[in-house]
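One file, start22.cif, carrying mmCIF, C-alpha atoms and all ligand atoms:
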```cif
data_run
#
loop_
_atom_site.label_atom_id
_atom_site.label_comp_id
_atom_site.auth_asym_id
_atom_site.auth_seq_id
_atom_site.Cartn_x
_atom_site.Cartn_y
_atom_site.Cartn_z
CA MET A 1 0.00 0.00 0.00
CA GLN A 2 1.25 3.49 -0.86
CA PHE A 3 0.97 5.41 2.42
CA LYS A 4 0.48 9.17 2.69
CA ASN A 5 1.26 11.37 5.66
CA THR A 6 -2.07 13.22 5.52
CA LYS A 7 -5.06 13.35 7.81
CA ALA A 8 -7.40 12.34 4.99
CA PHE A 9 -5.35 9.20 4.31
CA ALA A 10 -5.23 8.26 8.01
CA GLU A 11 -9.01 8.78 8.24
CA GLU A 12 -9.49 6.47 5.29
CA LEU A 13 -7.39 3.79 7.00
CA ASP A 14 -9.54 4.15 10.11
CA LYS A 15 -12.70 3.91 8.06
CA ASN A 16 -11.52 0.62 6.57
CA ASP A 17 -10.27 -0.77 9.89
CA PRO A 18 -12.41 -3.81 10.82
CA LEU A 19 -11.43 -3.29 14.48
CA ARG A 20 -12.31 0.40 14.64
CA SER A 21 -15.28 -0.10 16.99
CA TYR A 22 -12.99 -1.63 19.65
CA ARG A 23 -11.44 1.73 20.46
CA ASP A 24 -14.71 2.59 22.13
CA ARG A 25 -14.48 -0.49 24.35
CA PHE A 26 -11.53 1.04 26.26
CA LEU A 27 -11.18 4.00 28.62
CA PHE A 28 -8.71 6.67 27.53
CA PRO A 29 -7.06 9.23 29.80
CA LYS A 30 -7.83 12.74 28.52
CA HIS A 31 -5.63 15.62 27.50
CA LYS A 32 -7.49 18.95 27.18
CA GLY A 33 -10.73 17.02 26.80
CA ASN A 34 -9.47 14.67 24.07
CA ASP A 35 -8.23 11.09 24.20
CA VAL A 36 -4.49 10.95 24.64
CA ILE A 37 -2.37 9.28 21.96
CA TYR A 38 -1.51 6.18 23.94
CA PHE A 39 1.75 4.45 23.04
CA THR A 40 2.38 2.59 26.29
CA GLY A 41 0.20 -0.48 25.85
CA ASN A 42 3.54 -2.32 26.08
CA SER A 43 3.79 -1.12 29.67
CA LEU A 44 0.20 -0.89 30.93
CA GLY A 45 -2.69 -1.54 28.57
CA LEU A 46 -5.80 0.65 28.77
CA GLN A 47 -8.76 -0.39 30.87
CA PRO A 48 -11.40 -2.31 28.92
CA LYS A 49 -14.84 -0.89 29.72
CA ASN A 50 -16.14 -4.34 30.71
CA ALA A 51 -13.45 -4.73 33.42
CA GLN A 52 -15.45 -2.82 36.03
CA GLU A 53 -18.47 -5.05 35.50
CA TYR A 54 -16.38 -8.20 36.02
CA VAL A 55 -14.90 -6.78 39.23
CA ASN A 56 -18.31 -5.60 40.44
CA GLU A 57 -19.69 -9.07 39.92
CA ILE A 58 -17.19 -10.46 42.43
CA MET A 59 -17.81 -7.60 44.87
CA THR A 60 -21.57 -8.15 44.69
CA ASP A 61 -21.24 -11.91 45.09
CA TRP A 62 -18.95 -11.35 48.05
CA SER A 63 -21.42 -8.95 49.67
CA GLN A 64 -24.39 -11.24 49.11
CA MET A 65 -22.91 -14.69 49.54
CA ALA A 66 -19.70 -14.22 51.45
CA VAL A 67 -17.93 -17.58 51.73
CA GLU A 68 -20.62 -19.34 49.72
CA GLY A 69 -19.39 -17.45 46.66
CA HIS A 70 -16.59 -19.98 46.40
CA PHE A 71 -19.09 -22.54 45.15
CA TYR A 72 -22.37 -20.76 44.39
CA ALA A 73 -21.43 -17.54 42.63
CA ASP A 74 -22.36 -17.45 38.94
CA LYS A 75 -18.68 -17.83 38.25
CA PRO A 76 -17.63 -19.77 41.36
CA TRP A 77 -14.34 -18.61 42.83
CA TRP A 78 -12.82 -21.99 43.60
CA ASP A 79 -12.18 -22.70 39.92
CA TYR A 80 -12.38 -19.13 38.58
CA HIS A 81 -8.82 -19.29 37.23
CA GLU A 82 -9.72 -22.19 34.95
CA ARG A 83 -11.84 -19.83 32.84
CA LEU A 84 -8.73 -18.07 31.62
CA ALA A 85 -6.94 -21.14 30.27
CA GLU A 86 -8.96 -21.62 27.09
CA PRO A 87 -8.73 -18.03 25.76
CA LEU A 88 -5.07 -17.80 26.77
CA SER A 89 -4.25 -21.06 25.02
CA LYS A 90 -5.31 -19.44 21.73
CA ILE A 91 -3.19 -16.36 22.40
CA VAL A 92 0.02 -18.24 23.21
CA GLY A 93 -0.48 -21.28 20.97
CA ALA A 94 -0.82 -24.00 23.58
CA LYS A 95 -3.30 -26.57 24.80
CA PRO A 96 -5.61 -25.27 27.54
CA SER A 97 -4.19 -27.95 29.85
CA GLU A 98 -0.74 -26.37 29.43
CA ILE A 99 -1.88 -23.01 30.84
CA THR A 100 -2.29 -21.82 34.37
CA VAL A 101 -2.79 -18.32 35.77
CA MET A 102 -1.39 -17.39 39.16
CA ASN A 103 0.78 -14.94 41.12
CA THR A 104 2.83 -12.38 39.21
CA LEU A 105 5.49 -12.79 36.57
CA THR A 106 8.80 -12.78 38.41
CA ILE A 107 7.36 -14.97 41.17
CA ASN A 108 6.20 -17.47 38.59
CA LEU A 109 9.55 -17.50 36.88
CA HIS A 110 11.18 -18.32 40.23
CA LEU A 111 8.65 -21.13 40.72
CA LEU A 112 9.35 -22.42 37.23
CA MET A 113 13.08 -22.38 37.95
CA VAL A 114 12.37 -24.87 40.74
CA SER A 115 11.19 -27.23 38.01
CA PHE A 116 13.48 -26.30 35.15
CA TYR A 117 16.74 -25.04 36.62
CA ARG A 118 18.29 -27.93 38.51
CA PRO A 119 21.99 -27.50 37.96
CA THR A 120 24.56 -30.25 38.36
CA ALA A 121 28.33 -29.93 38.68
CA LYS A 122 28.63 -30.44 34.93
CA ARG A 123 25.46 -28.80 33.62
CA TYR A 124 24.77 -25.57 35.46
CA LYS A 125 24.91 -22.64 33.03
CA ILE A 126 22.03 -20.42 31.93
CA ILE A 127 22.11 -18.69 28.56
CA CYS A 128 20.24 -15.39 28.32
CA GLU A 129 20.40 -12.20 26.28
CA GLU A 130 22.64 -9.36 27.46
CA LYS A 131 20.79 -6.47 29.12
CA ALA A 132 17.69 -8.59 29.69
CA PHE A 133 14.88 -6.85 31.60
CA PRO A 134 16.42 -6.20 35.05
CA SER A 135 13.95 -8.42 36.90
CA ASP A 136 15.12 -11.33 34.75
CA GLN A 137 18.76 -10.51 35.47
CA TYR A 138 18.07 -10.47 39.23
CA LEU A 139 16.02 -13.64 38.90
CA LEU A 140 18.82 -15.52 37.15
CA GLN A 141 21.60 -14.16 39.35
CA SER A 142 19.76 -15.06 42.54
CA GLN A 143 18.83 -18.52 41.25
CA VAL A 144 22.42 -19.25 40.28
CA ARG A 145 23.74 -18.02 43.65
CA PHE A 146 21.04 -19.98 45.49
CA HIS A 147 22.44 -23.14 43.93
CA GLY A 148 25.98 -22.21 44.93
CA TYR A 149 27.33 -20.95 41.61
CA ASP A 150 28.90 -17.68 40.62
CA PRO A 151 26.73 -15.64 38.21
CA LYS A 152 29.88 -14.48 36.39
CA ASP A 153 30.63 -18.08 35.48
CA ALA A 154 27.15 -19.60 35.32
CA ILE A 155 25.31 -16.91 33.33
CA VAL A 156 26.30 -16.81 29.68
CA GLU A 157 25.08 -13.68 27.96
CA ILE A 158 24.41 -13.55 24.24
CA LYS A 159 25.97 -10.34 22.96
CA LYS A 160 24.97 -7.92 20.25
CA ARG A 161 27.67 -7.07 17.75
CA GLU A 162 29.53 -3.81 18.11
CA GLY A 163 27.47 -0.95 16.65
CA GLU A 164 24.33 -3.10 16.16
CA HIS A 165 21.04 -2.64 17.98
CA ASN A 166 19.67 -6.16 17.66
CA PHE A 167 20.70 -9.73 18.32
CA ARG A 168 21.52 -12.04 15.44
CA THR A 169 20.02 -15.52 15.53
CA GLU A 170 23.31 -16.97 14.29
CA ASP A 171 25.10 -15.51 17.34
CA ILE A 172 22.48 -16.98 19.67
CA LEU A 173 22.82 -20.39 18.06
CA ARG A 174 26.62 -20.22 18.23
CA THR A 175 26.52 -19.36 21.95
CA ILE A 176 24.17 -22.28 22.57
CA LYS A 177 26.43 -24.65 20.67
CA GLU A 178 29.59 -23.41 22.37
CA THR A 179 28.07 -23.73 25.84
CA GLY A 180 27.02 -27.27 24.95
CA ASP A 181 26.46 -29.74 27.75
CA ALA A 182 27.41 -27.18 30.41
CA CYS A 183 24.10 -25.47 29.66
CA ALA A 184 21.17 -26.32 31.94
CA LEU A 185 18.76 -23.70 30.66
CA VAL A 186 18.23 -21.26 27.81
CA PHE A 187 16.03 -18.44 29.08
CA ILE A 188 15.32 -15.36 26.95
CA GLY A 189 12.67 -12.64 26.67
CA GLY A 190 10.66 -13.60 23.56
CA VAL A 191 10.36 -9.92 22.60
CA ASN A 192 13.11 -7.63 23.79
CA TYR A 193 11.63 -4.98 26.06
CA TYR A 194 14.02 -2.25 24.90
CA THR A 195 14.12 -2.64 21.13
CA GLY A 196 10.96 -4.65 20.48
CA GLN A 197 13.00 -7.30 18.62
CA VAL A 198 11.19 -10.64 18.29
CA PHE A 199 13.42 -13.69 18.76
CA ASP A 200 13.18 -16.77 16.56
CA MET A 201 11.74 -18.86 19.38
CA GLU A 202 11.22 -22.01 17.34
CA THR A 203 14.83 -22.20 16.10
CA ILE A 204 16.31 -21.25 19.48
CA THR A 205 14.15 -23.80 21.32
CA LYS A 206 15.29 -26.52 18.93
CA ALA A 207 18.95 -25.54 19.35
CA GLY A 208 18.61 -25.54 23.17
CA HIS A 209 17.07 -29.00 23.12
CA GLU A 210 19.83 -30.29 20.84
CA ILE A 211 22.39 -29.59 23.58
CA GLY A 212 20.14 -31.18 26.21
CA ALA A 213 19.05 -27.95 27.94
CA PHE A 214 15.59 -26.82 28.95
CA VAL A 215 14.30 -23.78 27.07
CA GLY A 216 11.97 -21.23 28.70
CA TRP A 217 10.65 -17.83 27.68
CA ASP A 218 9.73 -14.60 29.42
CA LEU A 219 6.81 -13.48 27.29
CA ALA A 220 6.00 -10.20 29.08
CA HIS A 221 6.34 -8.27 25.82
CA ALA A 222 5.14 -11.09 23.58
CA ALA A 223 1.81 -12.33 24.95
CA GLY A 224 -1.04 -10.61 23.15
CA ASN A 225 1.49 -8.84 20.93
CA ILE A 226 2.88 -11.46 18.53
CA GLU A 227 1.96 -14.86 17.13
CA LEU A 228 3.06 -17.60 19.50
CA LYS A 229 3.01 -21.37 19.02
CA LEU A 230 4.53 -22.52 22.26
CA HIS A 231 3.32 -26.09 22.02
CA ASP A 232 4.33 -26.62 18.40
CA TRP A 233 7.67 -24.94 19.01
CA ASP A 234 8.14 -27.43 21.83
CA ALA A 235 9.03 -24.77 24.41
CA ASP A 236 9.42 -26.29 27.87
CA PHE A 237 7.92 -23.42 29.84
CA ALA A 238 7.00 -19.74 29.59
CA ALA A 239 5.40 -17.04 31.69
CA TRP A 240 4.03 -13.58 31.00
CA CYS A 241 2.41 -10.69 32.77
CA SER A 242 -1.06 -9.64 31.70
CA TYR A 243 -1.01 -5.88 32.26
CA LYS A 244 0.72 -4.94 29.00
CA TYR A 245 -0.86 -6.04 25.72
CA MET A 246 -3.48 -8.03 27.62
CA ASN A 247 -4.97 -5.01 29.37
CA SER A 248 -5.70 -6.75 32.67
CA GLY A 249 -4.78 -3.90 35.03
CA PRO A 250 -1.73 -2.71 36.98
CA GLY A 251 0.50 -5.39 38.52
CA ASN A 252 -1.98 -8.07 37.60
CA ALA A 253 -1.65 -11.84 37.49
CA SER A 254 0.72 -13.79 35.34
CA GLY A 255 0.03 -16.68 32.99
CA CYS A 256 2.25 -19.74 32.74
CA TYR A 257 2.70 -22.36 30.08
CA ILE A 258 4.19 -25.72 30.95
CA HIS A 259 4.52 -28.28 28.16
CA GLU A 260 2.23 -31.25 28.71
CA ARG A 261 5.11 -33.74 28.75
CA PHE A 262 5.98 -32.49 32.26
CA HIS A 263 2.50 -32.63 33.73
CA ASN A 264 2.63 -36.02 35.31
CA SER A 265 6.37 -36.39 35.36
CA LYS A 266 7.85 -37.57 38.63
CA GLU A 267 11.20 -36.18 37.48
CA ILE A 268 10.06 -32.56 37.54
CA PRO A 269 9.93 -31.13 41.06
CA ARG A 270 7.67 -28.23 42.05
CA PHE A 271 6.99 -26.04 45.04
CA GLU A 272 3.48 -27.13 45.91
CA GLY A 273 0.39 -25.82 47.67
CA TRP A 274 -3.22 -26.85 48.09
CA TRP A 275 -4.49 -25.20 44.88
CA GLY A 276 -2.30 -27.57 42.87
CA THR A 277 -3.93 -30.68 44.28
CA ASN A 278 -6.54 -32.65 42.44
CA LYS A 279 -9.59 -30.42 42.64
CA GLU A 280 -12.04 -33.25 43.26
CA ASP A 281 -10.31 -34.09 46.53
CA ARG A 282 -8.99 -30.67 47.48
CA PHE A 283 -11.44 -30.06 50.28
CA LEU A 284 -10.94 -33.48 51.83
CA MET A 285 -7.84 -31.86 53.30
CA LYS A 286 -5.71 -34.95 52.80
CA PRO A 287 -2.07 -34.88 53.84
CA GLU A 288 -0.83 -36.26 50.49
CA PHE A 289 -0.39 -33.96 47.50
CA GLU A 290 -2.07 -35.41 44.44
CA PRO A 291 -1.25 -33.10 41.54
CA MET A 292 -3.78 -31.77 39.09
CA PRO A 293 -3.13 -33.60 35.80
CA ASN A 294 -2.26 -30.34 34.02
CA ALA A 295 -0.39 -27.04 34.47
CA ASP A 296 -2.66 -26.23 37.42
CA ALA A 297 -0.45 -28.60 39.46
CA TRP A 298 1.91 -25.59 39.70
CA GLN A 299 -0.80 -23.49 41.42
CA VAL A 300 0.16 -22.82 45.03
CA SER A 301 -2.41 -20.58 46.70
CA ASN A 302 -6.10 -20.10 46.10
CA ALA A 303 -6.62 -17.79 43.16
CA PRO A 304 -6.75 -13.95 43.55
CA VAL A 305 -10.22 -13.76 42.07
CA LEU A 306 -10.56 -9.98 42.27
CA ALA A 307 -7.43 -9.65 40.14
CA LEU A 308 -8.45 -12.34 37.70
CA ALA A 309 -11.80 -10.64 37.01
CA PRO A 310 -10.44 -7.79 34.83
CA TYR A 311 -8.05 -10.25 33.18
CA LEU A 312 -11.02 -12.42 32.23
CA ALA A 313 -12.90 -9.34 31.00
CA SER A 314 -10.02 -8.46 28.73
CA LEU A 315 -9.70 -12.02 27.43
CA GLN A 316 -13.33 -11.81 26.42
CA LEU A 317 -12.33 -9.09 23.95
CA PHE A 318 -9.55 -11.29 22.57
CA GLU A 319 -12.13 -14.07 22.15
CA GLU A 320 -14.43 -11.73 20.24
CA VAL A 321 -11.76 -10.41 17.90
CA GLY A 322 -9.41 -13.37 17.52
CA VAL A 323 -5.67 -12.92 17.30
CA GLU A 324 -5.38 -12.97 13.51
CA PRO A 325 -7.40 -9.79 12.85
CA LEU A 326 -5.64 -8.15 15.78
CA PHE A 327 -2.21 -8.95 14.40
CA ALA A 328 -3.24 -7.94 10.88
CA LYS A 329 -4.13 -4.48 12.20
CA ARG A 330 -0.91 -4.45 14.26
CA ASP A 331 1.15 -4.93 11.10
CA LEU A 332 -0.65 -2.18 9.23
CA ILE A 333 -0.60 0.39 12.02
CA VAL A 334 3.07 -0.28 12.80
CA GLN A 335 3.98 0.05 9.12
CA TYR A 336 2.05 3.31 8.99
CA LEU A 337 3.78 4.62 12.11
CA GLU A 338 7.15 3.63 10.64
CA PHE A 339 6.27 5.45 7.41
CA ILE A 340 5.28 8.58 9.34
CA LEU A 341 8.43 8.47 11.45
CA LYS A 342 10.59 8.22 8.35
CA ASP A 343 8.69 11.01 6.62
CA ILE A 344 9.08 13.33 9.61
CA ASP A 345 12.74 12.35 10.00
CA ALA A 346 13.36 13.35 6.39
CA GLN A 347 11.70 16.73 7.07
CA VAL A 348 13.75 17.43 10.18
CA ALA A 349 17.00 15.98 8.82
CA GLY A 350 18.04 12.90 10.75
CA SER A 351 16.87 13.73 14.26
CA PHE A 352 16.30 10.12 15.23
CA GLU A 353 16.53 6.52 14.10
CA ILE A 354 14.31 3.49 14.60
CA ILE A 355 16.30 0.74 16.34
CA THR A 356 13.59 -1.94 16.08
CA PRO A 357 14.16 -4.40 13.20
CA SER A 358 12.46 -3.32 9.98
CA ASP A 359 11.63 -6.95 9.12
CA PRO A 360 7.96 -7.43 10.17
CA LYS A 361 8.77 -10.99 11.29
CA GLN A 362 11.24 -9.63 13.81
CA ARG A 363 8.97 -7.10 15.44
CA GLY A 364 5.52 -6.78 16.94
CA THR A 365 3.71 -3.63 18.02
CA GLN A 366 6.65 -1.69 19.40
CA LEU A 367 8.95 0.69 17.57
CA SER A 368 11.83 2.03 19.64
CA VAL A 369 13.20 5.34 18.51
CA PHE A 370 16.70 6.53 19.37
CA LEU A 371 16.74 10.32 19.57
CA HIS A 372 19.93 11.92 18.32
CA GLY A 373 19.30 15.52 19.21
CA SER A 374 16.67 16.80 21.58
CA GLY A 375 16.38 13.76 23.86
CA LYS A 376 14.46 14.15 27.07
CA SER A 377 13.12 17.63 26.29
CA LEU A 378 11.37 16.15 23.24
CA PHE A 379 9.93 13.38 25.38
CA THR A 380 8.64 15.99 27.83
CA TYR A 381 7.18 18.05 24.97
CA LEU A 382 5.29 15.00 23.71
CA MET A 383 3.96 14.11 27.16
CA ASP A 384 2.88 17.75 27.71
CA ASN A 385 0.97 17.61 24.45
CA GLY A 386 -1.06 14.48 25.10
CA VAL A 387 1.26 11.79 23.72
CA VAL A 388 1.81 9.08 26.32
CA THR A 389 5.06 7.32 25.55
CA ASP A 390 7.96 6.22 27.71
CA TRP A 391 11.57 7.04 28.11
CA ARG A 392 14.38 4.51 28.38
CA GLU A 393 17.95 5.57 29.07
CA PRO A 394 20.07 6.77 27.42
CA ASN A 395 17.92 8.28 24.65
CA VAL A 396 15.08 6.02 23.60
CA ILE A 397 11.33 6.50 23.40
CA ARG A 398 9.20 3.41 22.89
CA LEU A 399 6.07 3.65 20.75
CA ALA A 400 3.60 0.77 20.86
CA PRO A 401 0.35 1.52 19.01
CA ALA A 402 -1.79 -1.28 20.48
CA PRO A 403 -4.10 -2.43 17.67
CA PHE A 404 -7.10 -2.88 19.96
CA TYR A 405 -7.50 0.83 20.60
CA CYS A 406 -5.02 2.99 18.67
CA SER A 407 -6.16 4.65 15.47
CA PHE A 408 -4.41 5.61 12.26
CA VAL A 409 -5.35 9.23 12.89
CA ASP A 410 -3.47 8.91 16.20
CA MET A 411 -0.37 8.06 14.15
CA TYR A 412 -0.88 11.04 11.88
CA ASN A 413 -1.47 13.42 14.80
CA PHE A 414 1.57 12.05 16.56
CA GLY A 415 3.75 12.73 13.50
CA GLN A 416 2.62 16.36 13.49
CA LEU A 417 3.36 16.76 17.19
CA LEU A 418 6.72 15.04 16.80
CA LYS A 419 7.75 17.46 14.09
CA LYS A 420 6.68 20.48 16.14
CA GLY A 421 8.41 19.01 19.18
CA ILE A 422 11.71 18.53 17.37
CA GLU A 423 11.56 22.06 16.01
CA ALA A 424 10.71 23.45 19.46
CA THR A 425 13.37 21.56 21.39
CA SER A 426 16.46 21.25 19.16
C1 LIG B 501 10.40 -8.51 30.19
C2 LIG B 501 9.87 -8.37 31.59
N1 LIG B 501 10.14 -9.31 32.49
C3 LIG B 501 9.72 -9.23 33.76
C4 LIG B 501 8.98 -8.15 34.18
C5 LIG B 501 8.57 -8.06 35.62
O1 LIG B 501 7.22 -8.27 35.80
P1 LIG B 501 6.55 -8.40 37.27
O2 LIG B 501 6.82 -7.13 37.98
O3 LIG B 501 5.09 -8.58 36.97
O4 LIG B 501 7.17 -9.56 37.93
C6 LIG B 501 8.64 -7.14 33.27
C7 LIG B 501 7.83 -5.98 33.68
O5 LIG B 501 7.57 -5.05 32.98
C8 LIG B 501 9.11 -7.25 31.94
O6 LIG B 501 8.87 -6.29 31.04
#
```
Before we go any further, please render this structure as structure tokens.
Ligand SMILES: Cc1ncc(COP(=O)(O)O)c(C=O)c1O
Amino acid sequence: MQFKNTKAFAEELDKNDPLRSYRDRFLFPKHKGNDVIYFTGNSLGLQPKNAQEYVNEIMTDWSQMAVEGHFYADKPWWDYHERLAEPLSKIVGAKPSEITVMNTLTINLHLLMVSFYRPTAKRYKIICEEKAFPSDQYLLQSQVRFHGYDPKDAIVEIKKREGEHNFRTEDILRTIKETGDACALVFIGGVNYYTGQVFDMETITKAGHEIGAFVGWDLAHAAGNIELKLHDWDADFAAWCSYKYMNSGPGNASGCYIHERFHNSKEIPRFEGWWGTNKEDRFLMKPEFEPMPNADAWQVSNAPVLALAPYLASLQLFEEVGVEPLFAKRDLIVQYLEFILKDIDAQVAGSFEIITPSDPKQRGTQLSVFLHGSGKSLFTYLMDNGVVTDWREPNVIRLAPAPFYCSFVDMYNFGQLLKKGIEATS
């Protein structure tokens, strides 16, 4: 398609957008009475309008039934979490039995390390990407130390090449091969939080398995953002937060995927609690732990139902739309944003560069823009003018036009503000 950086063209794209009515299903913060241009769905997604209703339902049931709500509410609380498995399985490409929802992301990754990071004197290393999201770095360092190893020796970081912004798959595969049978685990963020680069999860998973390592994924920036086929790719485990592209609300619950081959395996240890026991017998309060025959065996505590309610509300929207139309719009709106950025950059002579891969297969919704000139003052200008984006040191703004609720006119308006901002601040 031949794009144009005009309002009329952007309006035409909106008119032809099959998802255009979904914008109205979300609540936008306002700037001078208008919806902000919201680029931070990769950090905290907007509130779906149905979220309140799902939360109210629990509050009402609690007020009217108190403890009886566990079994007699319309959506009983004792197995509330099970409702999320089916819609999530479609989003991450897994079987519903391979999904469970519990706790928050870093906690779940620690729990999954209990199962999938069991170092031995010979096989104890973890391969990850350099400058992973800090929580993942702390997670891995503390896990390695907990088992008595030195992070400097046990953590093998895949490096970017000098002067390049993104990782090369060939370098990842070489690191995996070189680490060989010293490697216990390959653990990478499926989409890099800083650049938005999408990793070739299928190829990397295969390479990790070839050296006998487990392969797990932090999908915080991937779930609800890119196509995932965790089961077919044969990933061992993965976890994600739900408050970014899945619009479940601040700090909300995390989803986990655990491949079905581990579900009844006696060789895979877990930290266990009563919500992981066979649900038929759970309230018999037996001393023996009999695991659920699926990923729910990893559940520890009874589910935080009030938190799961807005997550379920948001998943209802994913069910309505389906991931394919969502990702089709994602591709178009990101291409349009990229076109606008390049057009504005040409007008203001090289003020910034996009550091996200240009190959659509290697990116999702996010474009990261490295500012050469104005830096933080430009970021402040944008925020002051109703563009919600975020700043990452040393000079990057991240732009993620979530396809559920961002419009093509938003992209056009942003381009105009960006140009004015550069002129005002450089
Ligand atoms: C890639 C990545 N991993 C881990 C986390 C930490 O998530 P939580 O605070 O829910 O544990 C985040 C949070 O933004 C993230 O982006």
Seminar exercise, completed: Across A:Gln316, A:Asn56, A:Thr356, A:Gln197, the smallest distance to ligand LIG 501 (chain B), with only C-alpha atoms and all ligand atoms counted, is shown by A:Gln197
Could the residues of chain A that have an atom at most 10 Å from ligand LIG 501 (chain B) be listed as CSV, each with its closest atom pair and the distance in Å to one decimal, counting only C-alpha atoms and all ligand atoms and ordered by chain and ascending residue number?
```
residue,atom,partner,partner_atom,distance
A:Asn42,CA,B:LIG501,O6,8.3
A:Ser43,CA,B:LIG501,O5,6.4
A:Leu44,CA,B:LIG501,O5,8.7
A:Asn103,CA,B:LIG501,O3,8.7
A:Thr104,CA,B:LIG501,O3,5.0
A:Leu105,CA,B:LIG501,O4,3.9
A:Thr106,CA,B:LIG501,O4,3.6
A:Ile107,CA,B:LIG501,O4,6.3
A:Asn108,CA,B:LIG501,O4,8.0
A:Leu109,CA,B:LIG501,O4,8.4
A:His110,CA,B:LIG501,O4,9.9
A:Ala132,CA,B:LIG501,C1,7.3
A:Phe133,CA,B:LIG501,C1,5.0
A:Pro134,CA,B:LIG501,N1,7.5
A:Ser135,CA,B:LIG501,C3,5.3
A:Asp136,CA,B:LIG501,N1,5.8
A:Gln137,CA,B:LIG501,N1,9.2
A:Leu139,CA,B:LIG501,C3,9.2
A:Ile188,CA,B:LIG501,C1,9.0
A:Gly189,CA,B:LIG501,C1,5.9
A:Gly190,CA,B:LIG501,C1,8.4
A:Val191,CA,B:LIG501,C1,7.7
A:Asn192,CA,B:LIG501,C1,7.0
A:Tyr193,CA,B:LIG501,C1,5.6
A:Tyr194,CA,B:LIG501,C1,9.0
A:Trp217,CA,B:LIG501,C1,9.7
A:Asp218,CA,B:LIG501,N1,6.1
A:Leu219,CA,B:LIG501,C1,6.8
A:Ala220,CA,B:LIG501,C1,4.8
A:His221,CA,B:LIG501,C1,6.0
A:Ala222,CA,B:LIG501,C1,8.8
A:Ala239,CA,B:LIG501,N1,9.1
A:Trp240,CA,B:LIG501,N1,7.6
A:Cys241,CA,B:LIG501,O3,5.4
A:Ser242,CA,B:LIG501,O3,8.2
A:Tyr243,CA,B:LIG501,O3,8.2
A:Lys244,CA,B:LIG501,O5,7.9
A:Pro250,CA,B:LIG501,O3,9.0
A:Gly251,CA,B:LIG501,O3,5.8
A:Asn252,CA,B:LIG501,O3,7.1
A:Ala253,CA,B:LIG501,O3,7.5
A:Ser254,CA,B:LIG501,O3,7.0
```
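Restricting the calculation to all atoms listed in the file, the smallest distance between Phe379 in chain A and any of A:Ile340, A:Ala184, A:Leu417, A:Cys406 is found for A:Leu417.
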Problem set entry | Distance criterion (all atoms listed in the file): nearest to Leu371 in chain A out of A:Leu418, A:Leu185, A:Val396, A:Val348 |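 Closest to Leu371 in chain A of all the choices is A:Val396.
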Exercise. Could you name the residues that touch range 36-38 of chain A at 10 Å or less, counting only C-alpha atoms, but leaving out those on the same chain fewer than 6 positions away, as a PyMOL selection string?
Worked result: chain A and resi 28-30+45-46+382-383+385-389+399-402+405-407+409-411+413-414
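Minimum atom-to-atom distance to Asp345 in chain A, evaluated using all atoms listed in the file, belongs to A:Glu423 out of A:Glu423, A:Glu290, A:Asp359, A:Glu129.
Residue neighbourhood of Gly364 in chain A, excluding near-sequence residues (fewer than 5 positions): Gly196, Gln197, Val198, Ala222, Asn225, Ile226, Arg330 and Asp331 of chain A, at 8 Å, using all atoms listed in the file.
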Please extract range 392-399 of chain A and write it out with N, CA, C and O atoms, as a short mmCIF file (atom, residue, chain, number, x, y, z; two decimals), in the first residue's frame.
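Listing of result-v3.cif after writing:
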```cif
data_model
loop_
_atom_site.label_atom_id
_atom_site.label_comp_id
_atom_site.auth_asym_id
_atom_site.auth_seq_id
_atom_site.Cartn_x
_atom_site.Cartn_y
_atom_site.Cartn_z
N ARG A 392 13.41 5.50 27.88
CA ARG A 392 14.38 4.51 28.38
C ARG A 392 15.78 5.05 28.14
O ARG A 392 16.10 5.46 27.01
N GLU A 393 16.57 5.05 29.18
CA GLU A 393 17.95 5.57 29.07
C GLU A 393 18.73 4.80 28.01
O GLU A 393 18.48 3.62 27.84
N PRO A 394 19.68 5.38 27.26
CA PRO A 394 20.07 6.77 27.42
C PRO A 394 19.24 7.75 26.59
O PRO A 394 19.16 8.92 26.92
N ASN A 395 18.56 7.29 25.53
CA ASN A 395 17.92 8.28 24.65
C ASN A 395 16.80 7.67 23.81
O ASN A 395 16.64 8.03 22.65
N VAL A 396 16.05 6.76 24.41
CA VAL A 396 15.08 6.02 23.60
C VAL A 396 13.65 6.29 24.07
O VAL A 396 13.37 6.30 25.27
N ILE A 397 12.76 6.55 23.09
CA ILE A 397 11.33 6.50 23.40
C ILE A 397 10.74 5.27 22.71
O ILE A 397 11.15 4.91 21.61
N ARG A 398 9.82 4.63 23.44
CA ARG A 398 9.20 3.41 22.89
C ARG A 398 7.77 3.76 22.49
O ARG A 398 7.03 4.37 23.26
N LEU A 399 7.40 3.35 21.29
CA LEU A 399 6.07 3.65 20.75
C LEU A 399 5.37 2.33 20.42
O LEU A 399 5.83 1.61 19.53
#
```
